[in-house]
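Source file: coords-v6.pdb. Holds: PDB, C-alpha atoms.
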```
ATOM      1  CA  MET A   1       0.000   0.000   0.000
ATOM      2  CA  ASN A   2       1.143   3.533  -0.737
ATOM      3  CA  PRO A   3       2.903   5.130   2.287
ATOM      4  CA  THR A   4       1.088   8.468   1.754
ATOM      5  CA  TYR A   5      -2.363   9.630   0.830
ATOM      6  CA  ALA A   6      -3.053  10.502  -2.813
ATOM      7  CA  SER A   7      -2.610  14.162  -3.762
ATOM      8  CA  SER A   8      -6.374  14.474  -4.241
ATOM      9  CA  GLN A   9      -6.979  13.158  -0.721
ATOM     10  CA  LYS A  10      -4.438  15.569   0.732
ATOM     11  CA  ALA A  11      -5.916  18.549  -1.117
ATOM     12  CA  ILE A  12      -9.439  17.753   0.046
ATOM     13  CA  HIS A  13      -8.258  17.110   3.623
ATOM     14  CA  TRP A  14      -6.738  20.589   3.860
ATOM     15  CA  ALA A  15      -9.641  22.245   2.009
ATOM     16  CA  VAL A  16     -12.073  20.640   4.470
ATOM     17  CA  PHE A  17      -9.924  21.823   7.375
ATOM     18  CA  LEU A  18      -9.954  25.406   6.058
ATOM     19  CA  LEU A  19     -13.692  25.292   5.395
ATOM     20  CA  VAL A  20     -14.486  24.017   8.895
ATOM     21  CA  ILE A  21     -12.408  26.789  10.475
ATOM     22  CA  GLY A  22     -13.816  29.400   8.097
ATOM     23  CA  LEU A  23     -17.411  28.338   8.654
ATOM     24  CA  TYR A  24     -16.939  28.442  12.404
ATOM     25  CA  GLY A  25     -15.433  31.913  12.067
ATOM     26  CA  LEU A  26     -18.326  33.134   9.924
ATOM     27  CA  THR A  27     -20.740  32.426  12.785
ATOM     28  CA  TYR A  28     -18.851  34.980  14.862
ATOM     29  CA  VAL A  29     -18.703  37.483  12.003
ATOM     30  CA  ALA A  30     -22.495  37.281  11.723
ATOM     31  CA  ASP A  31     -22.786  38.360  15.361
ATOM     32  CA  VAL A  32     -21.108  41.685  14.488
ATOM     33  CA  PHE A  33     -24.273  42.700  12.635
ATOM     34  CA  PRO A  34     -27.649  43.350  14.278
ATOM     35  CA  ARG A  35     -30.588  41.106  13.388
ATOM     36  CA  ALA A  36     -32.270  41.992  10.069
ATOM     37  CA  ASP A  37     -29.106  43.772   8.888
ATOM     38  CA  PRO A  38     -28.186  42.986   5.252
ATOM     39  CA  GLY A  39     -24.582  42.352   6.324
ATOM     40  CA  ARG A  40     -25.733  39.612   8.679
ATOM     41  CA  ALA A  41     -27.887  38.053   5.953
ATOM     42  CA  PHE A  42     -24.899  38.119   3.577
ATOM     43  CA  VAL A  43     -22.644  36.390   6.115
ATOM     44  CA  TRP A  44     -25.263  33.640   6.621
ATOM     45  CA  TRP A  45     -25.627  33.313   2.842
ATOM     46  CA  LEU A  46     -21.848  32.772   2.675
ATOM     47  CA  HIS A  47     -22.018  30.330   5.595
ATOM     48  CA  ILE A  48     -24.698  28.277   3.836
ATOM     49  CA  SER A  49     -22.890  28.355   0.485
ATOM     50  CA  PHE A  50     -19.552  27.309   1.982
ATOM     51  CA  GLY A  51     -21.384  24.696   4.081
ATOM     52  CA  LEU A  52     -22.790  23.164   0.893
ATOM     53  CA  LEU A  53     -19.283  23.201  -0.583
ATOM     54  CA  LEU A  54     -18.038  21.437   2.556
ATOM     55  CA  PHE A  55     -20.727  18.780   2.177
ATOM     56  CA  ALA A  56     -19.760  18.161  -1.464
ATOM     57  CA  LEU A  57     -16.072  17.872  -0.549
ATOM     58  CA  VAL A  58     -16.853  15.467   2.296
ATOM     59  CA  VAL A  59     -18.809  13.227  -0.093
ATOM     60  CA  ILE A  60     -15.855  13.292  -2.516
ATOM     61  CA  ARG A  61     -13.421  12.682   0.341
ATOM     62  CA  ILE A  62     -15.324   9.644   1.593
ATOM     63  CA  SER A  63     -15.583   8.324  -1.976
ATOM     64  CA  LEU A  64     -11.823   8.717  -2.463
ATOM     65  CA  ARG A  65     -11.136   7.021   0.855
ATOM     66  CA  LEU A  66     -13.298   4.075  -0.175
ATOM     67  CA  ALA A  67     -11.744   3.914  -3.658
ATOM     68  CA  LEU A  68      -8.087   4.562  -2.806
ATOM     69  CA  GLY A  69      -7.870   3.384   0.796
ATOM     70  CA  THR A  70      -5.507   4.787   3.383
ATOM     71  CA  PRO A  71      -1.840   4.244   4.180
ATOM     72  CA  SER A  72      -1.109   1.670   6.839
ATOM     73  CA  LEU A  73      -0.495   2.867  10.363
ATOM     74  CA  PRO A  74       2.999   2.347  11.808
ATOM     75  CA  LEU A  75       3.612  -1.213  12.959
ATOM     76  CA  GLU A  76       4.823   0.161  16.313
ATOM     77  CA  MET A  77       1.296   1.300  17.181
ATOM     78  CA  SER A  78      -0.543  -0.958  19.612
ATOM     79  CA  LYS A  79      -3.950  -2.456  18.817
ATOM     80  CA  LEU A  80      -5.512   0.021  21.236
ATOM     81  CA  GLU A  81      -3.838   2.973  19.479
ATOM     82  CA  ARG A  82      -4.990   1.679  16.084
ATOM     83  CA  LEU A  83      -8.524   1.292  17.416
ATOM     84  CA  ALA A  84      -8.448   4.819  18.853
ATOM     85  CA  ALA A  85      -7.275   6.181  15.475
ATOM     86  CA  ARG A  86     -10.077   4.348  13.642
ATOM     87  CA  ILE A  87     -12.712   5.555  16.110
ATOM     88  CA  ALA A  88     -11.448   9.136  15.861
ATOM     89  CA  HIS A  89     -11.624   9.018  12.049
ATOM     90  CA  VAL A  90     -15.140   7.534  12.077
ATOM     91  CA  LEU A  91     -16.265  10.267  14.478
ATOM     92  CA  LEU A  92     -14.644  12.987  12.353
ATOM     93  CA  TYR A  93     -16.367  11.703   9.214
ATOM     94  CA  ALA A  94     -19.689  11.326  11.043
ATOM     95  CA  LEU A  95     -19.482  14.933  12.216
ATOM     96  CA  LEU A  96     -18.382  16.136   8.769
ATOM     97  CA  VAL A  97     -21.553  14.598   7.354
ATOM     98  CA  ALA A  98     -23.875  15.523  10.226
ATOM     99  CA  ILE A  99     -22.936  19.200  10.441
ATOM    100  CA  PRO A 100     -23.825  20.178   6.852
ATOM    101  CA  VAL A 101     -26.921  17.931   6.853
ATOM    102  CA  LEU A 102     -28.123  19.614  10.048
ATOM    103  CA  GLY A 103     -27.305  22.997   8.493
ATOM    104  CA  ILE A 104     -29.370  22.175   5.405
ATOM    105  CA  VAL A 105     -32.332  21.000   7.482
ATOM    106  CA  LEU A 106     -31.973  24.024   9.770
ATOM    107  CA  THR A 107     -32.083  26.383   6.800
ATOM    108  CA  TRP A 108     -35.276  24.765   5.560
ATOM    109  CA  TYR A 109     -36.971  24.777   8.987
ATOM    110  CA  ARG A 110     -36.166  28.465   9.235
ATOM    111  CA  GLY A 111     -38.224  28.827   6.054
ATOM    112  CA  ASP A 112     -35.268  29.757   3.845
ATOM    113  CA  VAL A 113     -34.087  28.349   0.538
ATOM    114  CA  LEU A 114     -30.635  26.866   0.156
ATOM    115  CA  SER A 115     -28.489  28.941  -2.143
ATOM    116  CA  PHE A 116     -25.104  27.895  -3.427
ATOM    117  CA  PHE A 117     -23.367  31.220  -4.096
ATOM    118  CA  GLY A 118     -26.454  32.252  -6.081
ATOM    119  CA  LEU A 119     -25.744  29.618  -8.747
ATOM    120  CA  PHE A 120     -28.757  27.546  -7.758
ATOM    121  CA  THR A 121     -31.329  27.394  -5.000
ATOM    122  CA  ILE A 122     -33.207  24.527  -3.395
ATOM    123  CA  PRO A 123     -36.545  25.499  -1.861
ATOM    124  CA  ALA A 124     -37.537  24.198   1.550
ATOM    125  CA  PRO A 125     -39.472  20.918   1.319
ATOM    126  CA  VAL A 126     -40.872  21.541   4.817
ATOM    127  CA  SER A 127     -42.875  24.325   6.414
ATOM    128  CA  ALA A 128     -41.033  26.770   8.627
ATOM    129  CA  ASP A 129     -41.105  25.733  12.276
ATOM    130  CA  ARG A 130     -39.264  27.878  14.834
ATOM    131  CA  ALA A 131     -39.247  25.235  17.566
ATOM    132  CA  THR A 132     -37.802  22.564  15.294
ATOM    133  CA  ALA A 133     -35.325  25.063  13.834
ATOM    134  CA  GLY A 134     -34.180  25.991  17.350
ATOM    135  CA  PHE A 135     -33.600  22.339  18.273
ATOM    136  CA  ILE A 136     -31.707  21.646  15.048
ATOM    137  CA  ARG A 137     -29.652  24.810  15.543
ATOM    138  CA  GLU A 138     -28.542  23.544  18.950
ATOM    139  CA  LEU A 139     -27.545  20.167  17.462
ATOM    140  CA  HIS A 140     -25.709  21.906  14.610
ATOM    141  CA  SER A 141     -23.815  24.095  17.102
ATOM    142  CA  LEU A 142     -23.017  21.153  19.371
ATOM    143  CA  CYS A 143     -21.620  19.141  16.449
ATOM    144  CA  ALA A 144     -19.599  22.169  15.279
ATOM    145  CA  ASN A 145     -18.052  22.486  18.730
ATOM    146  CA  LEU A 146     -17.399  18.746  18.903
ATOM    147  CA  ILE A 147     -15.612  18.714  15.563
ATOM    148  CA  LEU A 148     -13.302  21.495  16.691
ATOM    149  CA  ILE A 149     -12.426  19.532  19.808
ATOM    150  CA  LEU A 150     -11.964  16.267  17.925
ATOM    151  CA  ALA A 151      -9.989  17.924  15.114
ATOM    152  CA  GLY A 152      -7.787  19.554  17.749
ATOM    153  CA  LEU A 153      -7.095  16.164  19.332
ATOM    154  CA  HIS A 154      -6.468  14.759  15.851
ATOM    155  CA  ALA A 155      -3.889  17.498  15.211
ATOM    156  CA  VAL A 156      -2.238  16.964  18.602
ATOM    157  CA  ALA A 157      -1.984  13.229  17.871
ATOM    158  CA  ALA A 158      -0.417  13.906  14.455
ATOM    159  CA  LEU A 159       2.097  16.309  15.996
ATOM    160  CA  TRP A 160       2.822  13.801  18.777
ATOM    161  CA  HIS A 161       3.579  11.167  16.151
ATOM    162  CA  HIS A 162       5.832  13.581  14.290
ATOM    163  CA  TYR A 163       7.788  15.183  17.123
ATOM    164  CA  VAL A 164       7.719  12.566  19.893
ATOM    165  CA  TRP A 165       7.478   9.198  18.179
ATOM    166  CA  LYS A 166       9.218  10.532  15.058
ATOM    167  CA  ASP A 167       7.204   8.332  12.700
ATOM    168  CA  ASP A 168       5.654   9.191   9.326
ATOM    169  CA  VAL A 169       1.993   9.552  10.334
ATOM    170  CA  LEU A 170       1.927  13.329   9.805
ATOM    171  CA  LYS A 171       4.041  13.200   6.642
ATOM    172  CA  ARG A 172       1.415  10.989   4.986
ATOM    173  CA  MET A 173      -0.983  13.954   4.818
ATOM    174  CA  LEU A 174       1.416  16.845   4.186
ATOM    175  CA  PRO A 175       1.257  18.325   0.681
ATOM    176  CA  GLY A 176       4.166  17.306  -1.538
ATOM    177  CA  LYS A 177       5.712  15.081   1.101
ATOM    178  CA  SER A 178       6.230  11.371   0.994
ATOM    179  CA  ALA A 179       6.943   9.105   3.906
ATOM    180  CA  SER A 180      10.535   7.994   4.173
TER     181      SER A 180
END
```

Could you write out this structure as structure tokens?
Amino acid sequence: MNPTYASSQKAIHWAVFLLVIGLYGLTYVADVFPRADPGRAFVWWLHISFGLLLFALVVIRISLRLALGTPSLPLEMSKLERLAARIAHVLLYALLVAIPVLGIVLTWYRGDVLSFFGLFTIPAPVSADRATAGFIRELHSLCANLILILAGLHAVAALWHHYVWKDDVLKRMLPGKSAS
């Protein structure tokens, strides 16, 4: 098996990382504007558009993972460490799917259409419902916070592998790098 991820997998990994951070940041930018302000509406329009882009990239990323596989973990890792890595990846992927799906459903329960940078719109297939929207918003926010925590632990683990164990785990996902 290849010792590194394919270039396409690496590119999507880092694009997803940037989108997750950017989308989280946009939620704070929206708070700068008062309710009903056009600036706030524009920020949420961007948030929804980039969220749809995130969802598309996650679908592609999962497809590539299924088609191309992943590099083997270092033989020095214990069974427990391998299991922890697999669980962490499953949770990351689950959150990467759940967050945009919840965002889509939230948008519809707010009574809004989905717009992808104005290129196309998808009308809400459900009637607006504030109570349901509020519940979904809380789930969406909880998952967004969880992914930041889990991604942070994921990054710490990769850095631990690189600087403490001095193995090639991190190098497998760095652009232009190959494991030695």

Just give me the gap between atom CA of A:Leu26 and atom CA of A:His47 in Å, one decimal is fine.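 Result for atom CA of A:Leu26 versus atom CA of A:His47: 6.3 Å, one decimal.
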
Would you mind listing what lies within 10 Å of A:Ala133 as a list in words, with all atoms listed in the file counted and same-chain residues fewer than 3 positions away left out? Leu102, Gly103, Val105, Leu106, Thr107, Trp108, Tyr109, Arg110, Gly111, Ala128, Asp129, Arg130, Ile136, Arg137, Glu138 and Leu139 of chain A

What would the selection look like, as a list in words, if the PyMOL selection byres ((chain A and resi 160-175) around 10) were run on the coordinates I just shared?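 Evaluating the PyMOL selection byres ((chain A and resi 160-175) around 10) on this file yields Asn2, Pro3, Thr4, Tyr5, Ala6, Ser7, Ser8, Gln9, Lys10, Ala11, His13, Trp14, Thr70, Pro71, Ser72, Leu73, Pro74, Glu76, His154, Ala155, Val156, Ala157, Ala158, Leu159, Gly176, Lys177, Ser178, Ala179 and Ser180 of chain A.
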
Can you spell out as a CSV table (one decimal) with C-alpha atoms, in the frame of the given file the set of residues that the PyMOL selection byres ((chain A and resi 86-95) around 9) selects in the structure I just provided?
```
chain,number,residue,atom,x,y,z
A,58,VAL,CA,-16.9,15.5,2.3
A,62,ILE,CA,-15.3,9.6,1.6
A,81,GLU,CA,-3.8,3.0,19.5
A,82,ARG,CA,-5.0,1.7,16.1
A,83,LEU,CA,-8.5,1.3,17.4
A,84,ALA,CA,-8.4,4.8,18.9
A,85,ALA,CA,-7.3,6.2,15.5
A,96,LEU,CA,-18.4,16.1,8.8
A,97,VAL,CA,-21.6,14.6,7.4
A,98,ALA,CA,-23.9,15.5,10.2
A,99,ILE,CA,-22.9,19.2,10.4
A,100,PRO,CA,-23.8,20.2,6.9
A,143,CYS,CA,-21.6,19.1,16.4
A,144,ALA,CA,-19.6,22.2,15.3
A,146,LEU,CA,-17.4,18.7,18.9
A,147,ILE,CA,-15.6,18.7,15.6
A,150,LEU,CA,-12.0,16.3,17.9
A,151,ALA,CA,-10.0,17.9,15.1
A,153,LEU,CA,-7.1,16.2,19.3
A,154,HIS,CA,-6.5,14.8,15.9
```

Using the chain letters and numbers from the file, give me the residues hit by the PyMOL selection byres ((chain A and resi 57) around 10), as a list of chain:residue names. A:Ile12, A:His13, A:Ala15, A:Val16, A:Leu19, A:Gly51, A:Leu52, A:Leu53, A:Leu54, A:Phe55, A:Ala56, A:Val58, A:Val59, A:Ile60, A:Arg61, A:Ile62, A:Ser63, A:Leu96

Filtering to C-alpha atoms, could you give me those residues as an mmCIF file, keeping the file's coordinate frame?
```cif
data_model
loop_
_atom_site.group_PDB
_atom_site.id
_atom_site.type_symbol
_atom_site.label_atom_id
_atom_site.label_comp_id
_atom_site.auth_asym_id
_atom_site.auth_seq_id
_atom_site.Cartn_x
_atom_site.Cartn_y
_atom_site.Cartn_z
ATOM 1 C CA ILE A 12 -9.439 17.753 0.046
ATOM 2 C CA HIS A 13 -8.258 17.110 3.623
ATOM 3 C CA ALA A 15 -9.641 22.245 2.009
ATOM 4 C CA VAL A 16 -12.073 20.640 4.470
ATOM 5 C CA LEU A 19 -13.692 25.292 5.395
ATOM 6 C CA GLY A 51 -21.384 24.696 4.081
ATOM 7 C CA LEU A 52 -22.790 23.164 0.893
ATOM 8 C CA LEU A 53 -19.283 23.201 -0.583
ATOM 9 C CA LEU A 54 -18.038 21.437 2.556
ATOM 10 C CA PHE A 55 -20.727 18.780 2.177
ATOM 11 C CA ALA A 56 -19.760 18.161 -1.464
ATOM 12 C CA VAL A 58 -16.853 15.467 2.296
ATOM 13 C CA VAL A 59 -18.809 13.227 -0.093
ATOM 14 C CA ILE A 60 -15.855 13.292 -2.516
ATOM 15 C CA ARG A 61 -13.421 12.682 0.341
ATOM 16 C CA ILE A 62 -15.324 9.644 1.593
ATOM 17 C CA SER A 63 -15.583 8.324 -1.976
ATOM 18 C CA LEU A 96 -18.382 16.136 8.769
#
```

Which residues are near A:Ala30? Cut-off 9 Å, only C-alpha atoms, ignore same chain within fewer than 6 positions. Put them as number ranges by chain. A: 39-44

Mind pulling up the distance from atom CA of A:Ile104 to atom CA of A:Thr27? 15.3 Å

Would you mind telling me which residue in A:Leu142, A:Leu46, A:Gly152, A:Val20 lies nearest to A:Gly118 when using only C-alpha atoms?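 That would be A:Leu46, the residue with the smallest distance to A:Gly118.
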
Atom pair atom CA of A:Phe117 + atom CA of A:Ser49, distance 5.4 Å

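Remark: for A:Leu23, the closest of the candidate residues A:Ser141, A:Ile149, A:Thr121, A:Arg35 is A:Ser141 (distances computed over only C-alpha atoms).
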
Of the candidates A:Asp112, A:Tyr24, A:Leu75, A:Leu64, which shows the shortest atom-to-atom distance to A:Ala124, using only C-alpha atoms?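 Of A:Asp112, A:Tyr24, A:Leu75, A:Leu64, the one nearest A:Ala124 is A:Asp112, counting only C-alpha atoms.
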
Find, counting all atoms listed in the file, the residue in A:Arg65, A:Phe17, A:Ala131, A:Phe50 that gets nearest to A:Ser115.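 Among the listed residues, the smallest separation from A:Ser115 belongs to A:Phe50.
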
So, counting only C-alpha atoms, which residue among A:Asp31, A:His140, A:Trp45, A:Val113 is closest to A:Ser127?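 That would be A:Val113, the residue with the smallest distance to A:Ser127.
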